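Everything on this sheet refers to the single structure shown next.
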Amino acid sequence: MIRRTLVSLAVAAVSLPASAVPFMPMDARGLAMGNTGVASANRGHSAHYNPSLLAQADAEDTFALLLPQFGFTVADEEELIDQANDINDYIVPRFEDLFDDNSSNNFTSAVEDLEAAAEQLASTIENLENLDENSTQAEFESAAQQLTDDAQALSDTLDVVDTRVAEVNEVNAELTDALDAISGDPLRARLGVGGAIAFTGHKDIAGAISFNSNLNLSGRSFFTANDQNLIRGYGQAAAGYVDAAQDLPDQVENLASNVESGSFSEDDADNLLAAVENVADYTSDPIETAGGSISILENGQLSAAAEDPELDSYVQVVGIAVSEVGISLAHEFNIEGRRFAVGVTPKMQSIETFHFVSEMDSDEDIDEDDFDNSRTSYSHFNLDIGASFYADDKRQWLIGVVIKDLIGKDFELMDAPVQGSLINAVIEGGSVSLSPKIRAGVAYKANTFDLSADLDLTENDPVAFEKATQYASFGGEWRPVSFLQLRGGLRTNLAGDTNVVSLGAGLSPWGVHLDIAVLTDLSNPEKEIGGALEAGYYF
């Protein structure tokens, strides 16, 4: 029904909903420090950030194991959820109230009352044929009075409908503007798991075996022109109904005067009867909707198509999952007394793309098979290359740079059948790029604290609908005692307007590390949240 239809538009807009994959490892330490790590990552995390750091480990560091690592982020940069909740909490209830049988301002009842008043008037006019030269003056006066009463009832009903039309148009405008404002606004989510084993004790070469799997999702809702036409159509149809009946009360009053005086003509009555019957049977002009061309009002009543309308606004989700296993190798060189390290990570990647679309008011259950059918799988060989060097003899200032996913490639998205579409609509697929990402970093290492900063040297395209990213990140770690680490950081998007603050802590008794991190947007926590958890073993 209409209530379900409007609620589905607002609720589906928060559902969840392609070009590139961001540089954002999901480890707890780096995430807590603003997603820094190109120069500041510990040896166990080096393979994920900059493989050359494996060769920069301290002499007593020989082995590290990270397992497991979990992390996630959910971002609503355009505050889609807040806007959709406002629509659902404030605007939609007002619209529902206009069609609620128990409401005092029921739009549907007002239209039905108008039809009933017109039918009553038509019946009274038809009864005028019973009057002739043999009728008494009292019978003429009674008929005239009935016409006057019916004209007044019609006029009163027109006033009510006119008021309801103004209310419907006001709510329609607010609802349409609000839905149009959030149409296309993105939601994004990222989920990552991983682990690594690092061997850094050999004096000539250090190595690591790492794996990680990251799922990146980007979704949006799209409010179509068909559905805009539908919502606007209710008020437009009722306004047309009022216009069609607007002159009838005055015409009836004129006829009543003639009847009372006994001077009315059958032609006048027949002409007025035809006009009243046209109002009682009023059908509004057709409008284009997802269900085809429909009339909101048919024969003076809300049509079946308007009572339970078809929508074609939809929710679209694009995703890419990248799972990779890499072997990192690093070596520190000494040229003219200046030390620098180079590291490489050749890796095999398993890549899956997803493209799913569903109409907002679809009654079909969405299950795992629907997403499986939108999946395309690929295999790809890739390479990370990193370099780093200490800028001072005390080995406190470390500078690093890394190129991730050096061998770029595009991966196709399947065309997506629109779930719930009656016309078997299909949204054309595109592609997702796994493109090179370049990041530089600097870190300062002291006995009880570390400071770090990273910068994306390239702007990274979004996965699909969200904004591009070019992160500048800052972080620090303080070690008040040897087994406790407290961390904080800030990440800002130079290509957008988001600033994310992060906090975290670590415990490391007897070489066992337990780390946790959380992040949120600095201006509005609902715009982005995330967290990470990991366990590690350092010897």
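Scheme for the structure tokens: letters A, B, ... for chains in order shown; per-chain residue numbers from 1; ligand numbers from 1 in order shown.
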Would you list the contacts of A:Ala341 as a short mmCIF file (atom, residue, chain, number, x, y, z; two decimals) with C-alpha atoms, in the first residue's frame, taking every protein, DNA or RNA residue within 7 Å and counting only C-alpha atoms, but skipping same-chain residues closer than 4 positions in sequence?
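Output file selection.cif is given in full below:
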data_model
loop_
_atom_site.label_atom_id
_atom_site.label_comp_id
_atom_site.auth_asym_id
_atom_site.auth_seq_id
_atom_site.Cartn_x
_atom_site.Cartn_y
_atom_site.Cartn_z
CA SER A 52 61.92 -2.59 3.13
CA ALA A 55 65.72 -4.92 6.90
CA ALA A 330 64.41 -6.95 2.08
CA HIS A 331 68.07 -6.00 2.27
CA GLU A 332 69.91 -3.01 3.75
CA PHE A 333 72.63 -1.46 1.63
CA ALA A 387 62.51 1.71 0.18
CA SER A 388 63.56 3.33 3.44
CA PHE A 389 66.59 4.96 5.04
#
(message) If we count only C-alpha atoms and set the cut-off at 9 Å, which residues sit around A:Gln251, ignoring sequence neighbours fewer than 4 positions away in its own chain? Please answer as an MDAnalysis selection string.
(response) chainID A and resid 151 247 255:256 272
Would you please give, as a PDB file with all heavy atoms, in the first residue's frame, all residues of stretch 97-258 of chain A that DSSP assigns to strand (DSSP E) based on the backbone?
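Ended up saving to states-v8.pdb:
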ATOM      1  N   PRO A 186      26.582   8.033  -1.108  1.00  0.00           N
ATOM      2  CA  PRO A 186      27.190   6.712  -0.926  1.00  0.00           C
ATOM      3  C   PRO A 186      27.324   6.280   0.529  1.00  0.00           C
ATOM      4  O   PRO A 186      27.393   7.100   1.445  1.00  0.00           O
ATOM      5  CB  PRO A 186      28.587   6.913  -1.523  1.00  0.00           C
ATOM      6  CG  PRO A 186      28.906   8.341  -1.184  1.00  0.00           C
ATOM      7  CD  PRO A 186      27.590   9.091  -1.246  1.00  0.00           C
ATOM      8  N   LEU A 187      27.355   4.996   0.700  1.00  0.00           N
ATOM      9  CA  LEU A 187      27.830   4.363   1.918  1.00  0.00           C
ATOM     10  C   LEU A 187      28.984   3.457   1.522  1.00  0.00           C
ATOM     11  O   LEU A 187      28.950   2.844   0.448  1.00  0.00           O
ATOM     12  CB  LEU A 187      26.736   3.518   2.571  1.00  0.00           C
ATOM     13  CG  LEU A 187      25.597   4.230   3.290  1.00  0.00           C
ATOM     14  CD1 LEU A 187      24.537   3.214   3.696  1.00  0.00           C
ATOM     15  CD2 LEU A 187      26.114   4.943   4.528  1.00  0.00           C
ATOM     16  N   ARG A 188      29.991   3.353   2.360  1.00  0.00           N
ATOM     17  CA  ARG A 188      31.078   2.425   2.052  1.00  0.00           C
ATOM     18  C   ARG A 188      31.452   1.646   3.294  1.00  0.00           C
ATOM     19  O   ARG A 188      31.282   2.125   4.424  1.00  0.00           O
ATOM     20  CB  ARG A 188      32.296   3.145   1.472  1.00  0.00           C
ATOM     21  CG  ARG A 188      32.942   4.161   2.399  1.00  0.00           C
ATOM     22  CD  ARG A 188      34.176   4.782   1.747  1.00  0.00           C
ATOM     23  NE  ARG A 188      34.688   5.914   2.490  1.00  0.00           N
ATOM     24  CZ  ARG A 188      35.553   5.845   3.487  1.00  0.00           C
ATOM     25  NH1 ARG A 188      36.009   4.654   3.873  1.00  0.00           N
ATOM     26  NH2 ARG A 188      35.974   6.928   4.097  1.00  0.00           N
ATOM     27  N   ALA A 189      31.950   0.455   3.072  1.00  0.00           N
ATOM     28  CA  ALA A 189      32.369  -0.396   4.182  1.00  0.00           C
ATOM     29  C   ALA A 189      33.603  -1.186   3.749  1.00  0.00           C
ATOM     30  O   ALA A 189      33.786  -1.482   2.570  1.00  0.00           O
ATOM     31  CB  ALA A 189      31.245  -1.346   4.588  1.00  0.00           C
ATOM     32  N   ARG A 190      34.423  -1.500   4.739  1.00  0.00           N
ATOM     33  CA  ARG A 190      35.646  -2.267   4.472  1.00  0.00           C
ATOM     34  C   ARG A 190      35.851  -3.240   5.624  1.00  0.00           C
ATOM     35  O   ARG A 190      35.762  -2.865   6.799  1.00  0.00           O
ATOM     36  CB  ARG A 190      36.842  -1.322   4.339  1.00  0.00           C
ATOM     37  CG  ARG A 190      38.189  -2.009   4.070  1.00  0.00           C
ATOM     38  CD  ARG A 190      39.258  -0.944   3.860  1.00  0.00           C
ATOM     39  NE  ARG A 190      40.593  -1.482   3.782  1.00  0.00           N
ATOM     40  CZ  ARG A 190      41.177  -1.928   2.672  1.00  0.00           C
ATOM     41  NH1 ARG A 190      40.509  -1.884   1.536  1.00  0.00           N
ATOM     42  NH2 ARG A 190      42.408  -2.395   2.689  1.00  0.00           N
ATOM     43  N   LEU A 191      36.114  -4.460   5.278  1.00  0.00           N
ATOM     44  CA  LEU A 191      36.373  -5.505   6.272  1.00  0.00           C
ATOM     45  C   LEU A 191      37.659  -6.210   5.878  1.00  0.00           C
ATOM     46  O   LEU A 191      37.843  -6.599   4.715  1.00  0.00           O
ATOM     47  CB  LEU A 191      35.212  -6.505   6.299  1.00  0.00           C
ATOM     48  CG  LEU A 191      35.381  -7.720   7.210  1.00  0.00           C
ATOM     49  CD1 LEU A 191      35.403  -7.288   8.673  1.00  0.00           C
ATOM     50  CD2 LEU A 191      34.242  -8.714   6.983  1.00  0.00           C
ATOM     51  N   GLY A 192      38.561  -6.366   6.852  1.00  0.00           N
ATOM     52  CA  GLY A 192      39.843  -6.988   6.545  1.00  0.00           C
ATOM     53  C   GLY A 192      40.268  -8.001   7.593  1.00  0.00           C
ATOM     54  O   GLY A 192      40.013  -7.828   8.779  1.00  0.00           O
ATOM     55  N   VAL A 193      40.897  -9.061   7.135  1.00  0.00           N
ATOM     56  CA  VAL A 193      41.532 -10.044   8.008  1.00  0.00           C
ATOM     57  C   VAL A 193      42.927 -10.313   7.449  1.00  0.00           C
ATOM     58  O   VAL A 193      43.168 -10.170   6.242  1.00  0.00           O
ATOM     59  CB  VAL A 193      40.730 -11.364   8.103  1.00  0.00           C
ATOM     60  CG1 VAL A 193      39.367 -11.108   8.713  1.00  0.00           C
ATOM     61  CG2 VAL A 193      40.577 -12.013   6.725  1.00  0.00           C
ATOM     62  N   GLY A 194      43.858 -10.687   8.323  1.00  0.00           N
ATOM     63  CA  GLY A 194      45.200 -10.932   7.822  1.00  0.00           C
ATOM     64  C   GLY A 194      46.103 -11.541   8.872  1.00  0.00           C
ATOM     65  O   GLY A 194      45.700 -11.828  10.000  1.00  0.00           O
ATOM     66  N   GLY A 195      47.349 -11.703   8.462  1.00  0.00           N
ATOM     67  CA  GLY A 195      48.358 -12.252   9.341  1.00  0.00           C
ATOM     68  C   GLY A 195      49.709 -12.215   8.648  1.00  0.00           C
ATOM     69  O   GLY A 195      49.810 -11.976   7.437  1.00  0.00           O
ATOM     70  N   ALA A 196      50.784 -12.443   9.404  1.00  0.00           N
ATOM     71  CA  ALA A 196      52.129 -12.411   8.837  1.00  0.00           C
ATOM     72  C   ALA A 196      53.101 -13.144   9.743  1.00  0.00           C
ATOM     73  O   ALA A 196      52.918 -13.199  10.961  1.00  0.00           O
ATOM     74  CB  ALA A 196      52.592 -10.975   8.617  1.00  0.00           C
ATOM     75  N   ILE A 197      54.147 -13.684   9.116  1.00  0.00           N
ATOM     76  CA  ILE A 197      55.295 -14.247   9.825  1.00  0.00           C
ATOM     77  C   ILE A 197      56.538 -13.550   9.280  1.00  0.00           C
ATOM     78  O   ILE A 197      56.759 -13.546   8.063  1.00  0.00           O
ATOM     79  CB  ILE A 197      55.415 -15.764   9.620  1.00  0.00           C
ATOM     80  CG1 ILE A 197      54.133 -16.472  10.070  1.00  0.00           C
ATOM     81  CG2 ILE A 197      56.617 -16.313  10.378  1.00  0.00           C
ATOM     82  CD1 ILE A 197      54.137 -17.965   9.768  1.00  0.00           C
ATOM     83  N   ALA A 198      57.311 -12.938  10.154  1.00  0.00           N
ATOM     84  CA  ALA A 198      58.488 -12.191   9.717  1.00  0.00           C
ATOM     85  C   ALA A 198      59.752 -12.801  10.321  1.00  0.00           C
ATOM     86  O   ALA A 198      59.795 -13.137  11.509  1.00  0.00           O
ATOM     87  CB  ALA A 198      58.362 -10.732  10.135  1.00  0.00           C
ATOM     88  N   PHE A 199      60.798 -12.921   9.461  1.00  0.00           N
ATOM     89  CA  PHE A 199      62.106 -13.431   9.886  1.00  0.00           C
ATOM     90  C   PHE A 199      63.127 -12.328   9.615  1.00  0.00           C
ATOM     91  O   PHE A 199      63.429 -12.013   8.457  1.00  0.00           O
ATOM     92  CB  PHE A 199      62.471 -14.695   9.100  1.00  0.00           C
ATOM     93  CG  PHE A 199      61.425 -15.766   9.169  1.00  0.00           C
ATOM     94  CD1 PHE A 199      60.431 -15.853   8.198  1.00  0.00           C
ATOM     95  CD2 PHE A 199      61.419 -16.690  10.200  1.00  0.00           C
ATOM     96  CE1 PHE A 199      59.475 -16.846   8.253  1.00  0.00           C
ATOM     97  CE2 PHE A 199      60.463 -17.686  10.267  1.00  0.00           C
ATOM     98  CZ  PHE A 199      59.478 -17.761   9.288  1.00  0.00           C
ATOM     99  N   ALA A 206      66.234 -10.117   5.072  1.00  0.00           N
ATOM    100  CA  ALA A 206      65.098 -10.353   5.963  1.00  0.00           C
ATOM    101  C   ALA A 206      63.897 -10.719   5.103  1.00  0.00           C
ATOM    102  O   ALA A 206      63.784 -10.318   3.946  1.00  0.00           O
ATOM    103  CB  ALA A 206      64.798  -9.111   6.789  1.00  0.00           C
ATOM    104  N   GLY A 207      62.989 -11.483   5.679  1.00  0.00           N
ATOM    105  CA  GLY A 207      61.849 -11.930   4.892  1.00  0.00           C
ATOM    106  C   GLY A 207      60.587 -12.050   5.714  1.00  0.00           C
ATOM    107  O   GLY A 207      60.604 -12.003   6.952  1.00  0.00           O
ATOM    108  N   ALA A 208      59.494 -12.184   5.018  1.00  0.00           N
ATOM    109  CA  ALA A 208      58.192 -12.365   5.673  1.00  0.00           C
ATOM    110  C   ALA A 208      57.243 -13.066   4.718  1.00  0.00           C
ATOM    111  O   ALA A 208      57.370 -12.953   3.490  1.00  0.00           O
ATOM    112  CB  ALA A 208      57.608 -11.023   6.114  1.00  0.00           C
ATOM    113  N   ILE A 209      56.338 -13.805   5.294  1.00  0.00           N
ATOM    114  CA  ILE A 209      55.216 -14.379   4.553  1.00  0.00           C
ATOM    115  C   ILE A 209      53.954 -13.736   5.114  1.00  0.00           C
ATOM    116  O   ILE A 209      53.739 -13.734   6.333  1.00  0.00           O
ATOM    117  CB  ILE A 209      55.151 -15.909   4.716  1.00  0.00           C
ATOM    118  CG1 ILE A 209      56.442 -16.550   4.199  1.00  0.00           C
ATOM    119  CG2 ILE A 209      53.942 -16.482   3.980  1.00  0.00           C
ATOM    120  CD1 ILE A 209      56.534 -18.035   4.493  1.00  0.00           C
ATOM    121  N   SER A 210      53.159 -13.172   4.260  1.00  0.00           N
ATOM    122  CA  SER A 210      51.972 -12.449   4.723  1.00  0.00           C
ATOM    123  C   SER A 210      50.757 -12.857   3.905  1.00  0.00           C
ATOM    124  O   SER A 210      50.867 -13.293   2.762  1.00  0.00           O
ATOM    125  CB  SER A 210      52.187 -10.937   4.605  1.00  0.00           C
ATOM    126  OG  SER A 210      52.400 -10.561   3.254  1.00  0.00           O
ATOM    127  N   PHE A 211      49.626 -12.722   4.534  1.00  0.00           N
ATOM    128  CA  PHE A 211      48.365 -12.904   3.815  1.00  0.00           C
ATOM    129  C   PHE A 211      47.360 -11.905   4.358  1.00  0.00           C
ATOM    130  O   PHE A 211      47.411 -11.494   5.521  1.00  0.00           O
ATOM    131  CB  PHE A 211      47.831 -14.334   3.973  1.00  0.00           C
ATOM    132  CG  PHE A 211      47.244 -14.619   5.324  1.00  0.00           C
ATOM    133  CD1 PHE A 211      45.888 -14.422   5.579  1.00  0.00           C
ATOM    134  CD2 PHE A 211      48.042 -15.049   6.367  1.00  0.00           C
ATOM    135  CE1 PHE A 211      45.347 -14.665   6.833  1.00  0.00           C
ATOM    136  CE2 PHE A 211      47.514 -15.306   7.629  1.00  0.00           C
ATOM    137  CZ  PHE A 211      46.144 -15.110   7.852  1.00  0.00           C
ATOM    138  N   ASN A 212      46.462 -11.488   3.524  1.00  0.00           N
ATOM    139  CA  ASN A 212      45.347 -10.653   3.975  1.00  0.00           C
ATOM    140  C   ASN A 212      44.218 -10.751   2.971  1.00  0.00           C
ATOM    141  O   ASN A 212      44.428 -11.072   1.793  1.00  0.00           O
ATOM    142  CB  ASN A 212      45.773  -9.195   4.189  1.00  0.00           C
ATOM    143  CG  ASN A 212      46.239  -8.531   2.919  1.00  0.00           C
ATOM    144  OD1 ASN A 212      45.436  -8.157   2.075  1.00  0.00           O
ATOM    145  ND2 ASN A 212      47.562  -8.377   2.781  1.00  0.00           N
ATOM    146  N   SER A 213      43.045 -10.484   3.457  1.00  0.00           N
ATOM    147  CA  SER A 213      41.846 -10.488   2.620  1.00  0.00           C
ATOM    148  C   SER A 213      41.012  -9.286   3.012  1.00  0.00           C
ATOM    149  O   SER A 213      40.667  -9.118   4.185  1.00  0.00           O
ATOM    150  CB  SER A 213      41.056 -11.788   2.818  1.00  0.00           C
ATOM    151  OG  SER A 213      39.921 -11.816   1.978  1.00  0.00           O
ATOM    152  N   ASN A 214      40.713  -8.439   2.027  1.00  0.00           N
ATOM    153  CA  ASN A 214      39.955  -7.216   2.277  1.00  0.00           C
ATOM    154  C   ASN A 214      38.733  -7.162   1.373  1.00  0.00           C
ATOM    155  O   ASN A 214      38.847  -7.371   0.153  1.00  0.00           O
ATOM    156  CB  ASN A 214      40.816  -5.975   2.015  1.00  0.00           C
ATOM    157  CG  ASN A 214      41.931  -5.830   3.027  1.00  0.00           C
ATOM    158  OD1 ASN A 214      41.681  -5.711   4.216  1.00  0.00           O
ATOM    159  ND2 ASN A 214      43.171  -5.871   2.560  1.00  0.00           N
ATOM    160  N   LEU A 215      37.598  -6.908   1.969  1.00  0.00           N
ATOM    161  CA  LEU A 215      36.360  -6.733   1.221  1.00  0.00           C
ATOM    162  C   LEU A 215      35.978  -5.260   1.273  1.00  0.00           C
ATOM    163  O   LEU A 215      35.806  -4.688   2.348  1.00  0.00           O
ATOM    164  CB  LEU A 215      35.245  -7.580   1.821  1.00  0.00           C
ATOM    165  CG  LEU A 215      33.837  -7.367   1.255  1.00  0.00           C
ATOM    166  CD1 LEU A 215      33.786  -7.721  -0.231  1.00  0.00           C
ATOM    167  CD2 LEU A 215      32.812  -8.169   2.042  1.00  0.00           C
ATOM    168  N   ASN A 216      35.848  -4.632   0.106  1.00  0.00           N
ATOM    169  CA  ASN A 216      35.463  -3.228  -0.003  1.00  0.00           C
ATOM    170  C   ASN A 216      34.094  -3.147  -0.669  1.00  0.00           C
ATOM    171  O   ASN A 216      33.903  -3.658  -1.782  1.00  0.00           O
ATOM    172  CB  ASN A 216      36.473  -2.456  -0.860  1.00  0.00           C
ATOM    173  CG  ASN A 216      37.865  -2.465  -0.266  1.00  0.00           C
ATOM    174  OD1 ASN A 216      38.218  -1.588   0.504  1.00  0.00           O
ATOM    175  ND2 ASN A 216      38.658  -3.469  -0.633  1.00  0.00           N
ATOM    176  N   LEU A 217      33.160  -2.510   0.009  1.00  0.00           N
ATOM    177  CA  LEU A 217      31.797  -2.369  -0.511  1.00  0.00           C
ATOM    178  C   LEU A 217      31.449  -0.892  -0.632  1.00  0.00           C
ATOM    179  O   LEU A 217      31.787  -0.087   0.238  1.00  0.00           O
ATOM    180  CB  LEU A 217      30.781  -3.046   0.406  1.00  0.00           C
ATOM    181  CG  LEU A 217      30.875  -4.565   0.548  1.00  0.00           C
ATOM    182  CD1 LEU A 217      29.893  -5.054   1.594  1.00  0.00           C
ATOM    183  CD2 LEU A 217      30.613  -5.261  -0.783  1.00  0.00           C
ATOM    184  N   SER A 218      30.753  -0.562  -1.705  1.00  0.00           N
ATOM    185  CA  SER A 218      30.276   0.796  -1.914  1.00  0.00           C
ATOM    186  C   SER A 218      28.826   0.714  -2.376  1.00  0.00           C
ATOM    187  O   SER A 218      28.516  -0.003  -3.333  1.00  0.00           O
ATOM    188  CB  SER A 218      31.132   1.501  -2.975  1.00  0.00           C
ATOM    189  OG  SER A 218      30.687   2.820  -3.198  1.00  0.00           O
ATOM    190  N   GLY A 219      27.931   1.405  -1.686  1.00  0.00           N
ATOM    191  CA  GLY A 219      26.511   1.315  -2.014  1.00  0.00           C
ATOM    192  C   GLY A 219      25.860   2.676  -2.098  1.00  0.00           C
ATOM    193  O   GLY A 219      26.348   3.671  -1.551  1.00  0.00           O
ATOM    194  N   ARG A 220      24.746   2.733  -2.813  1.00  0.00           N
ATOM    195  CA  ARG A 220      23.975   3.967  -2.912  1.00  0.00           C
ATOM    196  C   ARG A 220      22.513   3.622  -3.184  1.00  0.00           C
ATOM    197  O   ARG A 220      22.183   2.504  -3.627  1.00  0.00           O
ATOM    198  CB  ARG A 220      24.478   4.851  -4.057  1.00  0.00           C
ATOM    199  CG  ARG A 220      24.256   4.231  -5.440  1.00  0.00           C
ATOM    200  CD  ARG A 220      24.540   5.202  -6.560  1.00  0.00           C
ATOM    201  NE  ARG A 220      24.341   4.572  -7.870  1.00  0.00           N
ATOM    202  CZ  ARG A 220      24.422   5.223  -9.027  1.00  0.00           C
ATOM    203  NH1 ARG A 220      24.724   6.506  -9.041  1.00  0.00           N
ATOM    204  NH2 ARG A 220      24.221   4.589 -10.170  1.00  0.00           N
ATOM    205  N   SER A 221      21.638   4.574  -2.928  1.00  0.00           N
ATOM    206  CA  SER A 221      20.245   4.479  -3.352  1.00  0.00           C
ATOM    207  C   SER A 221      20.034   5.469  -4.485  1.00  0.00           C
ATOM    208  O   SER A 221      20.714   6.498  -4.567  1.00  0.00           O
ATOM    209  CB  SER A 221      19.305   4.802  -2.194  1.00  0.00           C
ATOM    210  OG  SER A 221      19.499   6.146  -1.773  1.00  0.00           O
ATOM    211  N   PHE A 222      19.084   5.144  -5.375  1.00  0.00           N
ATOM    212  CA  PHE A 222      18.829   6.014  -6.520  1.00  0.00           C
ATOM    213  C   PHE A 222      17.331   6.233  -6.647  1.00  0.00           C
ATOM    214  O   PHE A 222      16.571   5.289  -6.864  1.00  0.00           O
ATOM    215  CB  PHE A 222      19.400   5.407  -7.802  1.00  0.00           C
ATOM    216  CG  PHE A 222      19.434   6.372  -8.958  1.00  0.00           C
ATOM    217  CD1 PHE A 222      20.444   7.308  -9.053  1.00  0.00           C
ATOM    218  CD2 PHE A 222      18.438   6.358  -9.916  1.00  0.00           C
ATOM    219  CE1 PHE A 222      20.464   8.221 -10.100  1.00  0.00           C
ATOM    220  CE2 PHE A 222      18.458   7.264 -10.968  1.00  0.00           C
ATOM    221  CZ  PHE A 222      19.474   8.201 -11.065  1.00  0.00           C
TER     222      PHE A 222
END
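Between atom CA of A:Val325 and atom CA of A:Asp384 the separation is 11.9 Å.
Proximity ranking of A:Ala143, A:Leu398, A:Ala443, A:Leu514 relative to A:Glu129 places A:Ala143 first, based on only C-alpha atoms.
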(message) When you look at A:Asp162 with a cut-off of 9 Å (counting only C-alpha atoms), what residues show up, excluding the ones that are within fewer than 4 positions of it in the same chain? I need them as a list in words.
(response)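 The contact residues come out as Thr157, Leu158, Ala166, Glu167, Ala238, Ala239 and Val242 of chain A.
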Just write the chosen residues, C-alpha atoms, as a tab-separated table (two decimals), in the first residue's frame.
chain	number	residue	atom	x	y	z
A	157	THR	CA	-16.50	18.86	0.65
A	158	LEU	CA	-14.60	20.84	-1.97
A	166	ALA	CA	-2.50	21.80	-0.05
A	167	GLU	CA	-1.29	19.44	2.68
A	238	ALA	CA	-6.67	15.89	-6.46
A	239	ALA	CA	-6.11	19.50	-7.52
A	242	VAL	CA	-11.20	20.20	-7.28
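Checking A:Ala453, A:Val259, A:Ala244, A:Leu65 one by one against A:Ala144, counting only C-alpha atoms, you find the shortest gap at A:Val259.
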(request) Using DSSP on the backbone, list every residue of stretch 226-380 of chain A that comes out as helix (DSSP H, G or I), and give them as JSON, numbers by chain. (result) {"A": [226, 227, 228, 229, 230, 231, 232, 233, 234, 235, 236, 237, 238, 239, 240, 241, 242, 243, 244, 245, 248, 249, 250, 251, 252, 253, 254, 255, 256, 257, 258, 259, 260, 261, 266, 267, 268, 269, 270, 271, 272, 273, 274, 275, 276, 277, 278, 279, 280, 304, 305, 306, 307, 368, 369, 370, 371, 372]}
(request) Point out the residue among A:Lys347, A:Asn35, A:Phe99, A:Asp312 with the least atom-to-atom distance to A:Gly489, counting only C-alpha atoms. (result) A:Asn35
When you look at A:Ser104 with a cut-off of 12 Å (counting only C-alpha atoms), what residues show up, excluding the ones that are within fewer than 6 positions of it in the same chain? I need them as a PDB file with all heavy atoms, in the first residue's frame.
ATOM      1  N   ASP A  97      -0.120   9.862   7.382  1.00  0.00           N
ATOM      2  CA  ASP A  97      -1.295  10.383   8.072  1.00  0.00           C
ATOM      3  C   ASP A  97      -2.374  10.829   7.080  1.00  0.00           C
ATOM      4  O   ASP A  97      -3.567  10.749   7.369  1.00  0.00           O
ATOM      5  CB  ASP A  97      -0.881  11.555   8.955  1.00  0.00           C
ATOM      6  CG  ASP A  97      -1.919  11.880  10.013  1.00  0.00           C
ATOM      7  OD1 ASP A  97      -2.477  10.928  10.603  1.00  0.00           O
ATOM      8  OD2 ASP A  97      -2.176  13.070  10.250  1.00  0.00           O
ATOM      9  N   LEU A  98      -1.932  11.265   5.896  1.00  0.00           N
ATOM     10  CA  LEU A  98      -2.884  11.706   4.882  1.00  0.00           C
ATOM     11  C   LEU A  98      -3.671  10.550   4.284  1.00  0.00           C
ATOM     12  O   LEU A  98      -4.718  10.775   3.654  1.00  0.00           O
ATOM     13  CB  LEU A  98      -2.149  12.452   3.762  1.00  0.00           C
ATOM     14  CG  LEU A  98      -1.484  13.777   4.162  1.00  0.00           C
ATOM     15  CD1 LEU A  98      -0.601  14.286   3.042  1.00  0.00           C
ATOM     16  CD2 LEU A  98      -2.531  14.815   4.533  1.00  0.00           C
ATOM     17  N   ALA A 110     -11.494  12.285   2.046  1.00  0.00           N
ATOM     18  CA  ALA A 110     -11.992  13.548   1.509  1.00  0.00           C
ATOM     19  C   ALA A 110     -12.357  13.402   0.037  1.00  0.00           C
ATOM     20  O   ALA A 110     -13.396  13.916  -0.416  1.00  0.00           O
ATOM     21  CB  ALA A 110     -10.941  14.642   1.695  1.00  0.00           C
ATOM     22  N   VAL A 160     -12.803  20.969   1.977  1.00  0.00           N
ATOM     23  CA  VAL A 160     -11.989  19.982   2.690  1.00  0.00           C
ATOM     24  C   VAL A 160     -10.931  19.386   1.755  1.00  0.00           C
ATOM     25  O   VAL A 160      -9.745  19.283   2.108  1.00  0.00           O
ATOM     26  CB  VAL A 160     -12.874  18.875   3.288  1.00  0.00           C
ATOM     27  CG1 VAL A 160     -11.999  17.760   3.879  1.00  0.00           C
ATOM     28  CG2 VAL A 160     -13.799  19.435   4.351  1.00  0.00           C
ATOM     29  N   ARG A 164      -6.868  19.451   1.929  1.00  0.00           N
ATOM     30  CA  ARG A 164      -6.058  18.234   1.870  1.00  0.00           C
ATOM     31  C   ARG A 164      -5.055  18.293   0.719  1.00  0.00           C
ATOM     32  O   ARG A 164      -3.927  17.818   0.837  1.00  0.00           O
ATOM     33  CB  ARG A 164      -6.942  16.994   1.732  1.00  0.00           C
ATOM     34  CG  ARG A 164      -7.906  16.786   2.879  1.00  0.00           C
ATOM     35  CD  ARG A 164      -7.183  16.444   4.163  1.00  0.00           C
ATOM     36  NE  ARG A 164      -8.135  16.366   5.257  1.00  0.00           N
ATOM     37  CZ  ARG A 164      -8.432  17.374   6.065  1.00  0.00           C
ATOM     38  NH1 ARG A 164      -7.826  18.552   5.934  1.00  0.00           N
ATOM     39  NH2 ARG A 164      -9.320  17.218   7.033  1.00  0.00           N
TER      40      ARG A 164
END
(request) Extract, using only C-alpha atoms, all DNA, RNA and protein residues at most 8 Å from stretch 411-423 of chain A, discarding same-chain residues fewer than 5 positions from it, and format them as a ChimeraX atom specification. (result) /A:312,314,353-359,361-364,374-376,378,428-434
(message) Which residues are close to A:Glu526, i.e. within 9 Å by only C-alpha atoms, leaving aside same-chain residues fewer than 5 positions away? Reply as number ranges by chain.
(response) A: 75-77, 79, 81-82, 520-521
(request) Find the residues near A:Ala57: any atom within 8 Å, counting only C-alpha atoms, skip ones fewer than 4 places away on the same chain, and give them as number ranges by chain. (result) A: 43, 53, 61, 200
